[in-house]
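Shown next: coords-v3.cif, containing mmCIF, C-alpha atoms and all ligand atoms.
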```cif
data_work
#
loop_
_atom_site.label_atom_id
_atom_site.label_comp_id
_atom_site.auth_asym_id
_atom_site.auth_seq_id
_atom_site.Cartn_x
_atom_site.Cartn_y
_atom_site.Cartn_z
CA MET K 2 -23.23 22.30 109.20
CA ASN K 3 -26.94 22.92 108.59
CA THR K 4 -29.18 20.85 110.85
CA VAL K 5 -32.42 19.55 109.36
CA LEU K 6 -35.32 18.04 111.32
CA ILE K 7 -37.82 16.22 109.13
CA THR K 8 -40.98 14.64 110.53
CA GLY K 9 -42.11 11.27 109.17
CA ALA K 10 -38.89 10.02 107.59
CA SER K 11 -39.48 6.27 107.89
CA ARG K 12 -40.84 6.00 104.33
CA GLY K 13 -42.22 7.89 101.34
CA ILE K 14 -41.41 11.56 100.74
CA GLY K 15 -39.82 11.98 104.18
CA LEU K 16 -37.40 9.09 103.69
CA ALA K 17 -36.45 10.21 100.17
CA THR K 18 -35.83 13.77 101.40
CA ALA K 19 -33.86 12.77 104.50
CA THR K 20 -31.72 10.45 102.35
CA LEU K 21 -31.01 13.10 99.70
CA LEU K 22 -30.19 15.82 102.24
CA THR K 23 -27.84 13.44 104.09
CA GLN K 24 -26.07 12.67 100.80
CA GLN K 25 -25.75 16.43 100.23
CA GLY K 26 -23.91 16.90 103.54
CA TYR K 27 -26.68 18.17 105.81
CA SER K 28 -26.91 16.94 109.40
CA VAL K 29 -30.30 15.24 109.24
CA PHE K 30 -32.64 14.07 111.99
CA GLY K 31 -35.66 12.12 110.74
CA THR K 32 -38.52 10.74 112.82
CA SER K 33 -40.93 7.84 113.11
CA ARG K 34 -43.65 7.05 115.65
CA GLN K 35 -42.00 3.66 116.20
CA PRO K 36 -38.42 3.75 114.96
CA GLN K 37 -37.01 0.28 114.33
CA THR K 38 -33.46 1.60 114.30
CA SER K 39 -31.55 4.69 115.54
CA SER K 40 -30.22 5.53 112.09
CA LEU K 41 -31.44 5.03 108.55
CA ASN K 42 -29.58 5.70 105.28
CA GLY K 43 -27.00 7.70 107.26
CA PHE K 44 -29.39 10.00 109.17
CA SER K 45 -30.50 9.81 112.83
CA LEU K 46 -34.01 8.48 113.39
CA LEU K 47 -35.82 9.83 116.47
CA GLN K 48 -39.13 8.87 118.05
CA LEU K 49 -41.91 11.38 117.39
CA ASP K 50 -45.67 11.46 117.30
CA VAL K 51 -46.71 14.94 116.17
CA ARG K 52 -50.11 14.45 117.86
CA ASP K 53 -48.42 14.41 121.27
CA GLN K 54 -47.05 17.67 122.74
CA ASP K 55 -44.60 15.87 125.10
CA SER K 56 -43.25 13.80 122.21
CA VAL K 57 -42.76 16.99 120.16
CA GLN K 58 -40.90 18.77 123.00
CA GLN K 59 -38.70 15.75 123.64
CA CYS K 60 -37.79 15.34 119.96
CA VAL K 61 -36.90 19.01 119.47
CA GLN K 62 -34.91 19.06 122.72
CA THR K 63 -32.94 15.98 121.64
CA VAL K 64 -31.85 17.71 118.43
CA ILE K 65 -31.03 20.96 120.27
CA ASN K 66 -29.00 19.06 122.90
CA GLN K 67 -26.97 17.35 120.18
CA THR K 68 -26.43 20.25 117.76
CA GLY K 69 -27.42 23.47 119.53
CA HIS K 70 -29.58 24.61 116.61
CA ILE K 71 -32.23 23.60 114.07
CA ASP K 72 -31.78 25.42 110.78
CA ILE K 73 -34.44 23.69 108.71
CA LEU K 74 -37.70 22.11 109.87
CA ILE K 75 -39.57 20.01 107.31
CA ASN K 76 -43.14 19.28 108.43
CA ASN K 77 -43.81 16.21 106.33
CA ALA K 78 -45.66 13.74 108.61
CA GLY K 79 -49.15 13.25 107.31
CA HIS K 80 -51.87 10.81 106.55
CA ASN K 81 -54.99 10.52 104.50
CA ILE K 82 -58.65 9.60 104.85
CA SER K 83 -61.10 9.28 101.99
CA GLY K 84 -64.77 8.89 101.18
CA ALA K 85 -67.73 11.23 100.80
CA VAL K 86 -67.53 14.19 103.17
CA GLU K 87 -70.90 13.20 104.66
CA GLU K 88 -69.40 9.84 105.65
CA ALA K 89 -66.68 11.39 107.84
CA SER K 90 -67.42 11.72 111.54
CA ALA K 91 -66.19 14.79 113.41
CA GLU K 92 -63.78 12.41 115.15
CA ASP K 93 -62.39 11.25 111.75
CA ALA K 94 -61.74 14.86 110.84
CA ARG K 95 -60.26 15.67 114.25
CA GLN K 96 -57.85 12.72 114.06
CA LEU K 97 -56.72 13.76 110.58
CA PHE K 98 -56.19 17.38 111.61
CA GLU K 99 -54.24 16.25 114.71
CA THR K 100 -51.50 15.02 112.37
CA ASN K 101 -51.81 17.09 109.18
CA PHE K 102 -52.53 20.46 110.80
CA PHE K 103 -52.10 20.60 114.59
CA GLY K 104 -48.96 18.46 114.28
CA VAL K 105 -47.42 21.18 112.11
CA ILE K 106 -48.43 23.85 114.62
CA ARG K 107 -46.88 21.89 117.52
CA MET K 108 -43.60 21.34 115.66
CA THR K 109 -43.37 24.90 114.37
CA SER K 110 -44.11 26.44 117.77
CA ALA K 111 -41.48 24.22 119.40
CA VAL K 112 -38.76 25.09 116.89
CA LEU K 113 -39.48 28.79 116.29
CA PRO K 114 -37.91 30.17 119.52
CA TYR K 115 -34.55 28.68 118.48
CA MET K 116 -34.87 30.02 114.93
CA ARG K 117 -35.89 33.49 116.11
CA GLN K 118 -32.96 33.56 118.51
CA ALA K 119 -30.58 32.54 115.73
CA LYS K 120 -32.26 35.07 113.39
CA ARG K 121 -32.32 32.45 110.66
CA GLY K 122 -34.21 29.35 109.68
CA HIS K 123 -36.41 27.76 107.06
CA ILE K 124 -39.67 25.93 107.75
CA ILE K 125 -40.91 23.78 104.89
CA ASN K 126 -44.46 22.48 105.08
CA ILE K 127 -45.51 19.64 102.82
CA SER K 128 -48.86 20.70 101.46
CA SER K 129 -50.42 19.29 98.28
CA LEU K 130 -52.25 20.29 95.13
CA ALA K 131 -55.19 19.35 97.38
CA GLY K 132 -54.27 22.52 99.30
CA ILE K 133 -55.49 24.70 96.44
CA ILE K 134 -58.43 22.85 94.86
CA GLY K 135 -61.40 20.80 96.00
CA VAL K 136 -61.19 17.08 95.23
CA PRO K 137 -64.25 14.80 95.36
CA TYR K 138 -64.17 12.00 97.96
CA LEU K 139 -61.03 13.50 99.51
CA GLY K 140 -62.72 16.45 101.21
CA MET K 141 -61.33 16.11 104.73
CA TYR K 142 -57.77 15.69 103.47
CA VAL K 143 -58.33 18.71 101.22
CA ALA K 144 -59.60 20.70 104.23
CA SER K 145 -56.48 19.82 106.27
CA LYS K 146 -54.17 20.96 103.46
CA HIS K 147 -56.16 24.17 102.86
CA ALA K 148 -55.79 24.92 106.59
CA LEU K 149 -52.05 24.36 106.29
CA GLU K 150 -51.88 26.75 103.33
CA GLY K 151 -53.69 29.52 105.22
CA TYR K 152 -51.59 29.04 108.34
CA SER K 153 -48.27 29.04 106.45
CA THR K 154 -49.14 31.93 104.16
CA SER K 155 -50.00 34.12 107.15
CA LEU K 156 -47.04 32.99 109.25
CA ARG K 157 -44.65 33.94 106.45
CA TYR K 158 -45.49 37.64 106.94
CA GLU K 159 -44.73 37.42 110.65
CA LEU K 160 -41.44 35.53 110.42
CA ARG K 161 -39.75 37.63 107.76
CA GLN K 162 -38.55 40.17 110.36
CA PHE K 163 -36.65 37.38 112.15
CA GLY K 164 -34.91 36.06 109.05
CA VAL K 165 -37.02 32.90 109.15
CA HIS K 166 -38.45 31.69 105.84
CA ILE K 167 -41.52 29.54 105.34
CA SER K 168 -42.29 27.58 102.18
CA LEU K 169 -45.05 25.26 101.06
CA ILE K 170 -44.32 22.28 98.82
CA GLN K 171 -47.31 21.31 96.69
CA PRO K 172 -46.88 17.84 95.22
CA GLY K 173 -49.47 16.27 92.96
CA ASP K 174 -49.88 12.49 93.16
CA ILE K 175 -46.64 10.84 94.29
CA ARG K 176 -45.96 7.09 94.23
CA THR K 177 -45.58 6.36 97.96
CA GLY K 178 -47.30 3.80 100.15
CA ILE K 179 -49.59 6.47 101.63
CA VAL K 180 -52.69 4.69 102.88
CA SER K 181 -56.12 6.19 102.57
CA VAL K 182 -58.29 5.19 105.54
CA PRO K 183 -62.05 5.10 104.75
CA HIS K 184 -64.39 7.44 106.66
CA SER K 185 -66.15 5.69 109.52
CA ASN K 186 -69.85 6.32 108.68
CA PRO K 187 -70.54 4.76 105.25
CA VAL K 188 -73.72 6.03 103.57
CA ALA K 189 -75.20 3.61 101.01
CA ALA K 190 -76.20 6.45 98.67
CA TYR K 191 -72.51 6.88 97.76
CA ASP K 192 -71.90 3.16 97.03
CA GLY K 193 -70.44 2.57 93.61
CA ILE K 194 -69.31 6.12 92.86
CA ARG K 195 -67.19 6.18 96.05
CA GLU K 196 -65.35 3.05 94.90
CA LYS K 197 -64.96 4.38 91.35
CA VAL K 198 -63.46 7.71 92.43
CA THR K 199 -61.26 6.08 95.11
CA ALA K 200 -59.91 3.70 92.44
CA ILE K 201 -59.00 6.73 90.29
CA HIS K 202 -57.23 8.35 93.28
CA ASP K 203 -55.31 5.12 93.96
CA SER K 204 -54.36 4.71 90.31
CA ASN K 205 -53.14 8.35 90.14
CA VAL K 206 -50.92 7.78 93.19
CA ASN K 207 -49.62 4.42 91.91
CA ASN K 208 -48.75 5.96 88.54
CA GLY K 209 -47.26 9.15 89.99
CA PRO K 210 -43.56 10.02 90.04
CA PRO K 211 -41.35 8.64 92.84
CA PRO K 212 -40.86 10.61 96.09
CA GLU K 213 -37.28 11.46 95.05
CA LYS K 214 -38.82 14.05 92.72
CA VAL K 215 -40.28 15.91 95.72
CA ALA K 216 -36.97 15.55 97.58
CA ARG K 217 -35.12 17.34 94.76
CA VAL K 218 -37.59 20.25 94.86
CA ILE K 219 -37.18 20.51 98.65
CA LEU K 220 -33.39 20.62 98.19
CA ARG K 221 -33.83 23.44 95.67
CA ALA K 222 -36.02 25.36 98.16
CA ILE K 223 -33.46 24.87 100.94
CA ARG K 224 -30.59 26.05 98.74
CA SER K 225 -32.41 29.16 97.56
CA ARG K 226 -31.11 32.43 98.99
CA ASN K 227 -34.61 33.84 98.74
CA PRO K 228 -37.02 30.91 99.21
CA ARG K 229 -40.42 31.21 97.55
CA LEU K 230 -43.73 30.65 99.33
CA HIS K 231 -44.82 27.90 96.92
CA TYR K 232 -42.99 25.08 95.15
CA LEU K 233 -45.04 22.86 92.86
CA VAL K 234 -44.18 19.24 92.10
CA THR K 235 -46.40 18.23 89.22
CA THR K 236 -46.41 15.87 86.25
CA GLY K 237 -48.56 15.86 83.12
CA GLN K 238 -51.93 17.57 83.37
CA GLU K 239 -51.42 18.42 87.06
CA PHE K 240 -49.20 21.26 85.84
CA TRP K 241 -52.32 23.21 84.84
CA VAL K 242 -54.12 22.93 88.19
CA PRO K 243 -52.79 26.16 89.79
CA TRP K 244 -53.31 28.06 86.53
CA MET K 245 -56.80 26.65 86.20
CA ARG K 246 -57.55 27.82 89.74
CA ARG K 247 -56.24 31.32 89.07
CA LEU K 248 -57.49 31.95 85.55
CA LEU K 249 -60.70 29.99 85.01
CA PRO K 250 -64.18 30.66 86.40
CA ASP K 251 -65.33 28.18 89.04
CA TRP K 252 -67.83 26.47 86.73
CA LEU K 253 -65.09 25.60 84.24
CA THR K 254 -62.70 24.36 86.95
CA GLU K 255 -65.50 22.17 88.31
CA TYR K 256 -66.15 20.81 84.82
CA PHE K 257 -62.50 19.72 84.44
CA ILE K 258 -62.34 18.19 87.93
CA ARG K 259 -65.61 16.29 87.39
CA ASN K 260 -64.24 14.93 84.12
CA ALA K 261 -60.95 13.93 85.74
CA TYR K 262 -62.85 11.83 88.30
CA ASP K 263 -65.53 10.64 85.89
CA ILE K 264 -68.44 12.14 87.84
CA THR K 265 -71.03 13.95 85.81
N1 LIG K 301 -48.15 10.64 98.28
C1 LIG K 301 -48.79 11.64 97.71
O1 LIG K 301 -49.40 11.49 96.62
C2 LIG K 301 -48.76 13.02 98.35
C3 LIG K 301 -49.14 14.10 97.56
C4 LIG K 301 -49.15 15.38 98.12
C5 LIG K 301 -48.76 15.56 99.44
N2 LIG K 301 -48.40 14.48 100.19
C6 LIG K 301 -48.01 14.74 101.58
O2 LIG K 301 -46.68 14.33 101.77
C7 LIG K 301 -46.47 13.95 103.14
C8 LIG K 301 -45.83 12.56 103.19
O3 LIG K 301 -46.70 11.66 102.52
P1 LIG K 301 -46.19 10.24 101.96
O4 LIG K 301 -46.94 10.01 100.71
O5 LIG K 301 -44.72 10.16 101.97
O6 LIG K 301 -46.83 9.28 103.09
P2 LIG K 301 -46.29 7.93 103.77
O7 LIG K 301 -45.43 7.18 102.82
O8 LIG K 301 -47.49 7.27 104.33
O9 LIG K 301 -45.36 8.48 104.96
C9 LIG K 301 -45.94 9.19 106.02
C10 LIG K 301 -44.88 9.47 107.07
O10 LIG K 301 -45.50 10.23 108.11
C11 LIG K 301 -45.21 9.61 109.36
N3 LIG K 301 -46.33 9.84 110.28
C12 LIG K 301 -47.63 9.53 110.12
N4 LIG K 301 -48.36 9.91 111.17
C13 LIG K 301 -47.49 10.50 112.05
C14 LIG K 301 -47.63 11.10 113.33
N5 LIG K 301 -48.81 11.19 113.96
N6 LIG K 301 -46.51 11.60 113.93
C15 LIG K 301 -45.31 11.53 113.33
N7 LIG K 301 -45.11 10.95 112.11
C16 LIG K 301 -46.20 10.45 111.48
C17 LIG K 301 -44.98 8.14 109.05
O11 LIG K 301 -44.06 7.61 110.00
P3 LIG K 301 -44.37 6.39 111.01
O12 LIG K 301 -45.57 5.63 110.48
O13 LIG K 301 -43.10 5.59 110.98
O14 LIG K 301 -44.61 7.06 112.31
C18 LIG K 301 -44.31 8.22 107.68
O15 LIG K 301 -42.91 8.34 107.78
C19 LIG K 301 -47.86 14.02 103.80
O16 LIG K 301 -47.98 15.24 104.48
C20 LIG K 301 -48.80 13.96 102.62
O17 LIG K 301 -50.04 14.59 102.90
C21 LIG K 301 -48.38 13.21 99.68
#
```

I'd like the structure from this file rewritten - as structure tokens, please.
Amino acid sequence: MNTVLITGASRGIGLATATLLTQQGYSVFGTSRQPQTSSLNGFSLLQLDVRDQDSVQQCVQTVINQTGHIDILINNAGHNISGAVEEASAEDARQLFETNFFGVIRMTSAVLPYMRQAKRGHIINISSLAGIIGVPYLGMYVASKHALEGYSTSLRYELRQFGVHISLIQPGDIRTGIVSVPHSNPVAAYDGIREKVTAIHDSNVNNGPPPEKVARVILRAIRSRNPRLHYLVTTGQEFWVPWMRRLLPDWLTEYFIRNAYDIT
């Protein structure tokens, strides 16, 4: 039976994915920083903080001890900070990257030796549409997802020889409880517009599709014999974002993004 390890499965996209994969017959291990129970919706819930190397090693070793292999790693754990880029301290950015970027590196490096040895595996990194475009008042989150895109795209070339696939899932706004923590150095010059744009972000998330939509795309990626690098999960106008990025000049892309966030 295929063994799946998915980080951050206590709620949101991680929970929806772990639940769906369990229903589909996979042997699923989900994680939480503070698990309240040892199993959830039929899958095992392990303790994991992706910011902590010892925690990562212990989690991976637990799965290996129980099953002998990890076939699919889903790097989903993530969080969000928002505000003007100027308002973010270097420490804000570092904390965000510890989860969204370095957490993925820690998990991937811990699991890869087992996948290389088995000459098979699939690593699925949860990126975002924010991994391919700039978004006002979400700049640090955007930076963390762009880093993830560059890392994964490069790693894919290196892992092919070992039969290990790597894919990036790029959801648009998804209706989860993801919390956006404000940057720690507010600058009065951004008052008003910061709140307006943040309200648009929040409204987009609250009106987005449920996380089960992402889970179904992840299942499709896992089942593919030849997994793609990118899988989009978009609704409505979001569908055009990657095309806009590829086909339009920067000035026109910026015009559309400014309009979408009502900043002129
Ligand atoms: N929601 C969206 O609109 C959206 C869109 C595009 C991409 N994404 C991406 O999708 C992923 C999941 O987001 P979501 O919306 O489902 O968020 P969420 O509902 O807030 O869930 C985040 C999950 O990550 C876990 N987590 C947070 N920090 C962690 C850490 N340091 N170590 C281990 N686990 C940690 C949380 O578990 P505990 O708190 O129990 O530890 C939780 O299960 C993220 O990578 C996010 O960037 C979300």

Per-axis box centre and lengths in Å around ligand LIG 301 (chain K), 4 Å margin per side, axis-aligned, as JSON:
```
{"center_x": -46.5, "center_y": 10.6, "center_z": 105.3, "size_x": 15.1, "size_y": 18.0, "size_z": 25.3}
```

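Candidate residues K:Ser168, K:Asn260, K:Thr32, K:Gln96 were compared for distance to K:Gln59, and the nearest is K:Thr32, using all atoms listed in the file.
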
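Residue nearest K:Gly173, chosen from K:Ala111, K:Val242, K:Leu149, K:Ala78 and counting all atoms listed in the file: K:Val242.
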
| task | Would you list the contacts of K:Tyr142 as a PyMOL selection string, taking every protein, DNA or RNA residue within 12 Å and counting all atoms listed in the file, but skipping same-chain residues closer than 5 positions in sequence? | result | chain K and resi 79-86+89+93-102+128-137+147-149+181-184

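Distances here use only C-alpha atoms and all ligand atoms; by that measure, the residue among K:Ile65, K:Ala190, K:Val206, K:Leu74 closest to ligand LIG 301 (chain K) is K:Val206.
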
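Excluding K:Arg121 itself and any same-chain residue fewer than 5 positions from it, the protein and nucleic acid residues within 7 Å of it, counting all atoms listed in the file, are Met116, Phe163, Gly164 and Val165 of chain K.
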
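Using all atoms listed in the file, the nearest neighbour of K:Asn77 within the list K:Leu22, K:Ala91, K:Val51, K:Ala119 is K:Val51.
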
What separates atom CA of K:Ile194 and atom N5 of ligand LIG 301 (chain K) is a distance of 29.9 Å

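Going from atom CA of K:Leu49 over to atom CA of K:Pro210, you cover 27.4 Å.
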
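Using all atoms listed in the file, the smallest distance between any of K:Asp203, K:Asp263, K:Glu87, K:Glu92 and ligand LIG 301 (chain K) comes from K:Asp203.
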
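For the pair atom CA of K:Ala10 and atom N7 of ligand LIG 301 (chain K), the separation is 7.7 Å.
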
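The residue that comes closest to K:Ile175, out of K:Val61, K:Met245, K:Val234, K:Ala144 and on the basis of all atoms listed in the file, is K:Val234.
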
- Do a neighbour search on K:Pro228 at 12 Å with all atoms listed in the file, toss out local chain neighbours closer than 4 positions, and write the hits as a ChimeraX atom specification. /K:122-125,157,161,164-170,218-224,232

key: Sphere at (-43.8, 3.3, 103.4), radius 7 Å, counting only C-alpha atoms: residues as a ChimeraX atom specification   = /K:11-13,177-179

Could you name the residues that touch stretch 28-30 of chain K at 7 Å or less, counting all atoms listed in the file, but leaving out those on the same chain fewer than 4 positions away, as a count of residues only?
12
